[in-house]
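input_6.txt (compact mmCIF, C-alpha atoms) appears below.
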# COMPACT_ATOMS: atom_id res chain seq x y z
CA MET Z 606 0.00 0.00 0.00
CA VAL Z 607 1.51 3.28 -1.16
CA SER Z 608 -0.17 6.62 -0.49
CA HIS Z 609 0.30 9.49 -2.95
CA GLN Z 610 -1.28 12.83 -3.78
CA HIS Z 611 -3.99 11.29 -5.96
CA GLY Z 612 -4.97 8.55 -3.51
CA MET Z 613 -3.49 5.12 -2.82
CA THR Z 614 -2.03 2.26 -4.84
CA VAL Z 615 -2.46 -1.28 -3.48
CA THR Z 616 -0.20 -3.99 -4.91
CA LYS Z 617 -0.80 -7.69 -4.30
CA THR Z 618 1.95 -10.22 -5.04
CA LEU Z 619 1.30 -13.97 -5.18
CA GLN Z 620 3.99 -16.62 -5.66
CA GLU Z 621 3.35 -20.36 -5.58
CA GLY Z 622 6.43 -22.51 -5.19
CA GLU Z 623 9.16 -21.62 -7.65
CA ALA Z 624 6.79 -20.16 -10.21
CA GLU Z 625 7.04 -16.56 -11.32
CA PRO Z 626 5.29 -14.18 -8.92
CA GLN Z 627 2.04 -12.64 -10.09
CA CYS Z 628 1.25 -9.01 -9.29
CA TRP Z 629 -1.99 -7.06 -9.27
CA SER Z 630 -2.28 -3.32 -8.66
CA PHE Z 631 -5.35 -1.38 -7.62
CA ILE Z 632 -5.57 2.41 -7.59
CA TYR Z 633 -8.13 4.22 -5.43
CA SER Z 634 -8.86 7.92 -5.28
CA ARG Z 635 -8.96 9.97 -2.10
CA ALA Z 636 -12.74 10.22 -2.31
CA GLU Z 637 -13.04 6.43 -2.29
CA LEU Z 638 -10.67 6.15 0.68
CA GLN Z 639 -12.60 8.59 2.87
CA GLY Z 640 -12.74 7.04 6.36
CA LEU Z 641 -10.55 4.05 5.40
CA LEU Z 642 -9.72 1.76 8.35
CA PRO Z 643 -6.73 -0.56 7.64
CA GLU Z 644 -5.98 -3.70 9.63
CA GLY Z 645 -3.78 -2.00 12.24
CA ALA Z 646 -6.32 0.75 12.90
CA SER Z 647 -9.07 -1.87 13.04
CA LEU Z 648 -7.27 -3.75 15.83
CA LEU Z 649 -6.86 -0.52 17.77
CA LEU Z 650 -10.57 0.23 17.34
CA LEU Z 651 -11.45 -3.26 18.57
CA ARG Z 652 -9.38 -2.76 21.73
CA VAL Z 653 -11.04 0.58 22.43
CA LEU Z 654 -14.49 -0.93 21.97
CA ALA Z 655 -13.54 -3.87 24.20
CA CYS Z 656 -12.39 -1.55 27.01
CA ARG Z 657 -15.67 0.36 26.76
CA ARG Z 658 -17.66 -2.91 26.58
CA GLU Z 659 -19.91 -1.31 24.00
CA VAL Z 660 -20.17 -1.28 20.20
CA PRO Z 661 -22.33 1.42 18.58
CA PRO Z 662 -25.03 -0.01 16.31
CA GLY Z 663 -24.44 0.17 12.58
CA LEU Z 664 -20.68 0.70 12.90
CA VAL Z 665 -19.26 0.32 9.37
CA PHE Z 666 -15.94 1.48 7.89
CA PRO Z 667 -14.37 1.10 4.45
CA THR Z 668 -11.39 -1.23 4.37
CA ILE Z 669 -9.23 -3.25 1.97
CA ASN Z 670 -9.49 -7.04 1.99
CA THR Z 671 -6.74 -9.58 1.39
CA ASP Z 672 -7.36 -9.46 -2.37
CA GLY Z 673 -6.62 -5.74 -2.45
CA HIS Z 674 -10.22 -4.76 -3.19
CA LEU Z 675 -11.96 -1.87 -1.51
CA CYS Z 676 -14.87 -3.12 0.62
CA THR Z 677 -16.57 -2.47 3.96
CA ALA Z 678 -16.14 -3.88 7.45
CA SER Z 679 -18.93 -3.96 10.02
CA TYR Z 680 -18.61 -4.37 13.79
CA ARG Z 681 -21.10 -5.96 16.19
CA ALA Z 682 -20.98 -6.89 19.87
CA VAL Z 683 -21.52 -10.60 20.51
CA GLY Z 684 -21.46 -10.34 24.30
CA VAL Z 685 -19.54 -11.46 27.36
CA GLU Z 686 -18.43 -15.09 27.55
CA PRO Z 687 -16.29 -17.10 29.98
CA GLN Z 688 -12.98 -18.32 28.61
CA ALA Z 689 -10.38 -20.61 30.11
CA LEU Z 690 -6.94 -19.02 30.42
CA SER Z 691 -4.29 -21.55 31.43
CA SER Z 692 -5.44 -22.80 34.83
CA ALA Z 693 -7.92 -19.97 35.47
CA GLU Z 694 -11.05 -18.58 33.87
CA ALA Z 695 -11.86 -15.02 32.87
CA GLU Z 696 -14.71 -13.16 31.23
CA VAL Z 697 -14.00 -11.89 27.74
CA PHE Z 698 -15.90 -9.43 25.58
CA VAL Z 699 -16.48 -10.80 22.07
CA ILE Z 700 -16.74 -8.50 19.05
CA GLU Z 701 -17.64 -9.64 15.56
CA ARG Z 702 -15.88 -8.05 12.59
CA ALA Z 703 -17.23 -8.92 9.17
CA VAL Z 704 -15.39 -7.94 5.99
CA HIS Z 705 -17.90 -7.76 3.14
CA GLY Z 706 -16.25 -8.43 -0.20
CA ARG Z 707 -17.64 -8.69 -3.66
CA ALA Z 708 -20.32 -11.19 -4.77
CA ASP Z 709 -21.82 -11.24 -1.24
CA ALA Z 710 -18.74 -13.05 0.10
CA SER Z 711 -17.98 -12.10 3.70
CA THR Z 712 -15.20 -13.06 6.07
CA VAL Z 713 -16.26 -13.01 9.72
CA TRP Z 714 -13.88 -12.82 12.69
CA HIS Z 715 -14.72 -13.16 16.38
CA SER Z 716 -12.23 -11.35 18.63
CA SER Z 717 -12.31 -11.96 22.39
CA PHE Z 718 -10.77 -9.32 24.64
CA LEU Z 719 -9.89 -9.29 28.33
CA PRO Z 720 -11.06 -6.35 30.51
CA SER Z 721 -7.68 -4.67 29.98
CA GLY Z 722 -8.19 -4.68 26.20
CA ARG Z 723 -5.72 -7.50 25.56
CA LEU Z 724 -6.67 -9.90 22.79
CA ALA Z 725 -7.30 -13.36 24.28
CA ARG Z 726 -8.73 -15.28 21.33
CA LEU Z 727 -9.19 -14.79 17.59
CA VAL Z 728 -11.43 -17.07 15.53
CA GLN Z 729 -12.35 -16.95 11.87
CA VAL Z 730 -15.87 -18.26 11.50
CA GLY Z 731 -15.82 -21.41 9.37
CA SER Z 732 -12.10 -22.04 9.89
CA PRO Z 733 -10.76 -24.76 12.22
CA MET Z 734 -7.85 -22.57 13.31
CA VAL Z 735 -8.15 -20.75 16.65
CA MET Z 736 -5.58 -18.38 18.14
CA ARG Z 737 -5.52 -18.24 21.95
CA LEU Z 738 -3.55 -16.38 24.60
CA GLN Z 739 -1.18 -18.79 26.35
CA ASP Z 740 0.93 -16.44 28.50
CA GLU Z 741 0.29 -17.59 32.07
CA SER Z 742 1.67 -14.40 33.60
CA VAL Z 743 -0.82 -12.28 31.63
CA SER Z 744 -3.74 -14.57 32.33
CA GLY Z 745 -2.91 -14.68 36.05
CA ALA Z 746 -2.85 -10.89 36.28
CA GLU Z 747 -6.19 -10.60 34.44
CA THR Z 748 -7.94 -13.18 36.61
CA GLY Z 749 -6.67 -11.77 39.89
CA GLY Z 750 -3.92 -14.31 40.41
CA VAL Z 751 -0.40 -13.62 41.58
CA LYS Z 752 2.06 -12.89 38.82
CA PRO Z 753 4.98 -15.32 39.10
CA GLN Z 754 8.42 -13.94 39.71
CA PRO Z 755 10.88 -14.06 36.81
CA PRO Z 756 13.21 -17.06 36.94
CA PHE Z 757 16.30 -14.85 36.84
CA PRO Z 758 16.88 -11.92 39.22
CA LYS Z 759 17.54 -8.50 37.80
CA GLN Z 760 21.23 -7.90 37.31
CA PRO Z 761 22.67 -4.62 38.64
CA LEU Z 762 23.79 -2.21 35.96
CA ASP Z 763 27.36 -0.96 36.27
CA TRP Z 764 27.46 1.86 33.76
CA GLU Z 765 31.19 2.37 34.21
CA GLU Z 766 31.83 -1.15 32.95
CA ASP Z 767 29.44 -0.78 30.01
CA ILE Z 768 31.40 0.59 27.05
CA GLN Z 769 28.42 2.22 25.36
CA LEU Z 770 27.04 3.86 28.53
CA PHE Z 771 30.48 5.05 29.59
CA SER Z 772 31.01 6.54 26.12
CA TRP Z 773 27.69 8.38 26.43
CA PHE Z 774 28.76 9.65 29.86
CA LEU Z 775 32.05 11.02 28.54
CA GLY Z 776 30.33 12.65 25.58
CA ARG Z 777 27.72 14.28 27.81
CA LYS Z 778 30.42 15.42 30.24
CA GLU Z 779 32.39 17.15 27.49
CA GLU Z 780 29.20 18.72 26.15
CA LEU Z 781 28.34 20.18 29.57
CA GLN Z 782 31.87 21.46 30.11
CA GLU Z 783 31.85 23.24 26.76
CA SER Z 784 28.41 24.70 27.48
CA HIS Z 785 29.45 25.97 30.92
CA THR Z 786 32.68 27.47 29.59
CA ALA Z 787 30.85 29.25 26.79
CA TYR Z 788 28.29 30.65 29.24
CA ILE Z 789 30.99 32.03 31.54
CA GLN Z 790 32.78 33.61 28.59
CA GLN Z 791 29.54 35.24 27.45
CA HIS Z 792 28.89 36.64 30.95
CA PRO Z 793 32.15 38.05 32.38
CA GLU Z 794 30.17 39.83 35.11
CA LEU Z 795 29.93 36.49 36.92
CA GLN Z 796 33.56 36.77 38.00
CA VAL Z 797 32.86 40.25 39.36
CA LEU Z 798 29.87 39.03 41.38
CA LEU Z 799 31.74 36.05 42.81
CA SER Z 800 34.80 38.14 43.67
CA ASP Z 801 32.73 40.78 45.48
CA PHE Z 802 30.76 38.14 47.36
CA LEU Z 803 33.84 36.23 48.53
CA LEU Z 804 35.51 39.48 49.58
CA ALA Z 805 32.48 40.56 51.64
CA LEU Z 806 32.14 37.06 53.11
CA LEU Z 807 35.76 36.90 54.25
CA LEU Z 808 35.73 40.43 55.65
CA GLN Z 809 32.52 40.07 57.67
CA GLN Z 810 32.74 36.32 58.39
CA PRO Z 811 29.02 35.85 59.23
CA GLN Z 812 27.78 32.95 61.34
CA ASP Z 813 25.14 32.04 58.72
CA PRO Z 814 26.75 32.22 55.25
CA VAL Z 815 23.54 31.13 53.51
CA SER Z 816 21.44 33.98 54.93
CA PHE Z 817 24.30 36.38 54.29
CA ALA Z 818 24.47 35.28 50.64
CA ALA Z 819 20.70 35.69 50.22
CA GLU Z 820 20.80 39.21 51.64
CA PHE Z 821 23.93 40.10 49.70
CA PHE Z 822 22.56 39.14 46.29
CA ALA Z 823 19.08 40.51 47.08
CA HIS Z 824 20.49 44.05 47.40
CA ARG Z 825 23.24 43.59 44.84
CA GLU Z 826 23.18 45.90 41.84
CA PRO Z 827 24.68 44.88 38.48
CA PRO Z 828 28.33 45.86 38.23
CA GLU Z 829 29.03 48.95 36.20
CA ILE Z 830 32.30 47.57 34.81
CA PRO Z 831 31.70 44.08 33.42
CA PHE Z 832 35.31 42.97 33.25
CA SER Z 833 36.74 44.08 36.58
CA SER Z 834 35.64 44.93 40.08
CA PRO Z 835 37.30 47.81 41.93
CA GLY Z 836 36.56 46.14 45.24
CA ALA Z 837 37.87 42.80 44.06
CA ALA Z 838 40.96 44.31 42.51
CA ASN Z 839 41.73 46.24 45.71
CA PRO Z 840 40.48 44.09 48.61
CA SER Z 841 42.08 46.35 51.20
CA PRO Z 842 42.58 50.10 51.25
CA THR Z 843 46.00 51.30 50.17
CA THR Z 844 48.03 52.79 53.00
CA SER Z 845 50.85 55.17 52.17
CA HIS Z 846 54.00 54.70 54.19
CA PRO Z 847 56.62 57.40 54.53
CA ALA Z 848 59.82 56.69 52.76
CA ALA Z 849 62.62 55.51 54.96
CA HIS Z 850 65.49 57.93 55.39
CA ARG Z 851 68.87 56.63 54.71
CA GLU Z 852 71.48 57.43 57.15
How would this structure read if it were set down as structure tokens?
Amino acid sequence: MVSHQHGMTVTKTLQEGEAEPQCWSFIYSRAELQGLLPEGASLLLLRVLACRREVPPGLVFPTINTDGHLCTASYRAVGVEPQALSSAEAEVFVIERAVHGRADASTVWHSSFLPSGRLARLVQVGSPMVMRLQDESVSGAETGGVKPQPPFPKQPLDWEEDIQLFSWFLGRKEELQESHTAYIQQHPELQVLLSDFLLALLLQQPQDPVSFAAEFFAHREPPEIPFSSPGAANPSPTTSHPAAHRE
């Protein structure tokens, strides 16, 4: 199935044994594909309907059958039935999906869903094949049983011993270092702020440095000179001393 600006092209390829493959192509316009529901979207719709335990009456969507022909698919609620799951039993909601092809030929599927929306059984009416859910852990959780513990305990992850994780760590570390260095170079006033704060902290030596820092930066004005701080450059006042007289 290939979608394009004019609509969609569906190609069917059939090969029997070593014979040459046979191909058929069908082209449909966008108007014909209005509301199209492919197989994947149909399964999602079935799960939503199963979780709601309700199917609106007269629910019909256009779809494409296995022959590549455009047809319609109808949905109908069959009801709630008990179903055996491993050693337990659960109630499943059964939905009928009928694909109506040409010449009044229809393919009918019965899909049984657990309350969580998980598909438990899929049956094609008239076919001897039945697909059932056999995972005991899933069935136990749905029927209220205790989920068995995994046979192998979870292994601790040592990221320093993992080559790929350690490589990611080094790459991220270098990226952060470059980012921090670039930020400091773009904001030289940071050195002025830190120098003034450390100078005031060492001169006053408060008992609570955290409260002192909060009060200091709350009343701090941006430095007028972005590249140097007069207070930081001259931490102590300059005292002039008289020149010594030589004898």
**Message:** Quick check, in Å to one decimal: how far apart do CA of Met734 (chain Z) and CA of Val704 (chain Z) lie?
**Reply:**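 That distance, rounded to one decimal, is 18.0 Å.
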**Prompt:** Neighbours of Ser716 (chain Z) within 9 Å (only C-alpha atoms; same-chain residues fewer than 4 positions away dropped), as a list in words?
**Reply:** Leu651, Phe698, Val699, Ile700, Glu701, Arg702, Leu724, Ala725, Arg726, Leu727, Val728 and Gln729 of chain Z
**Message:** Give me, as a ChimeraX atom specification, all polymer residues having an atom no more than 7 Å from region 659-662 of chain Z, counting only C-alpha atoms and skipping those fewer than 5 positions away in the same chain.
**Reply:** /Z:654,681-682
**Item:** Best match for closeness to Leu738 (chain Z) among Z:Leu770, Z:Val797, Z:Leu808, Z:Ala689, counting only C-alpha atoms
**Value:** Z:Ala689
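Using only C-alpha atoms, the smallest distance between any of Z:Gln769, Z:Lys759, Z:Phe822, Z:Glu696 and Asp801 (chain Z) comes from Z:Phe822.
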**Message:** For a cutoff of 9 Å around the file-coordinate point (-0.6, 3.1, -8.8), which residues qualify once you count all atoms listed in the file? I'd like the result as a ChimeraX atom specification.
**Reply:** /Z:607,609,612-616,630-633
**Prompt:** Hey, what's within 9 Å of Pro720 (chain Z) if we count only C-alpha atoms and toss same-chain stuff fewer than 6 positions away? As a list in words, please?
**Reply:**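 Selected residues are Ala655, Cys656, Arg657, Arg658, Glu696, Val697, Phe698 and Glu747 of chain Z.
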Could you write those residues out with C-alpha atoms, as a compact mmCIF listing (two decimals), in the frame of the given file?
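Saved to result.txt:
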# COMPACT_ATOMS: atom_id res chain seq x y z
CA ALA Z 655 -13.54 -3.87 24.20
CA CYS Z 656 -12.39 -1.55 27.01
CA ARG Z 657 -15.67 0.36 26.76
CA ARG Z 658 -17.66 -2.91 26.58
CA GLU Z 696 -14.71 -13.16 31.23
CA VAL Z 697 -14.00 -11.89 27.74
CA PHE Z 698 -15.90 -9.43 25.58
CA GLU Z 747 -6.19 -10.60 34.44
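Considering the residues Z:Leu642, Z:Ala819, Z:Leu795, Z:Ile768 and counting all atoms listed in the file, Leu675 (chain Z) has its shortest atom-to-atom contact with Z:Leu642.
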**Prompt:** Which distance in Å separates CA of Leu638 (chain Z) and CA of Ile669 (chain Z), to one decimal?
**Reply:**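 Interatomic distance, CA of Leu638 (chain Z) to CA of Ile669 (chain Z): 9.6 Å.
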**Prompt:** Could you pull the residues within 12 Å of Gly731 (chain Z), counting all atoms listed in the file, minus those fewer than 3 positions along the same chain, as a count of residues only?
**Reply:** 8
**Message:** Can you measure CA of Ala646 (chain Z) to CA of Gly706 (chain Z) for me? One decimal in Å is fine.
**Reply:**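 CA of Gly706 (chain Z) lies at a distance of 18.8 Å from CA of Ala646 (chain Z).
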Given 3 Å of margin on each side, can you work out the centre and size in Å (one decimal) of an axis-aligned box holding every listed atom of region 780-783 of chain Z, as JSON?
{"center_x": 30.1, "center_y": 21.0, "center_z": 28.1, "size_x": 9.5, "size_y": 10.5, "size_z": 10.0}
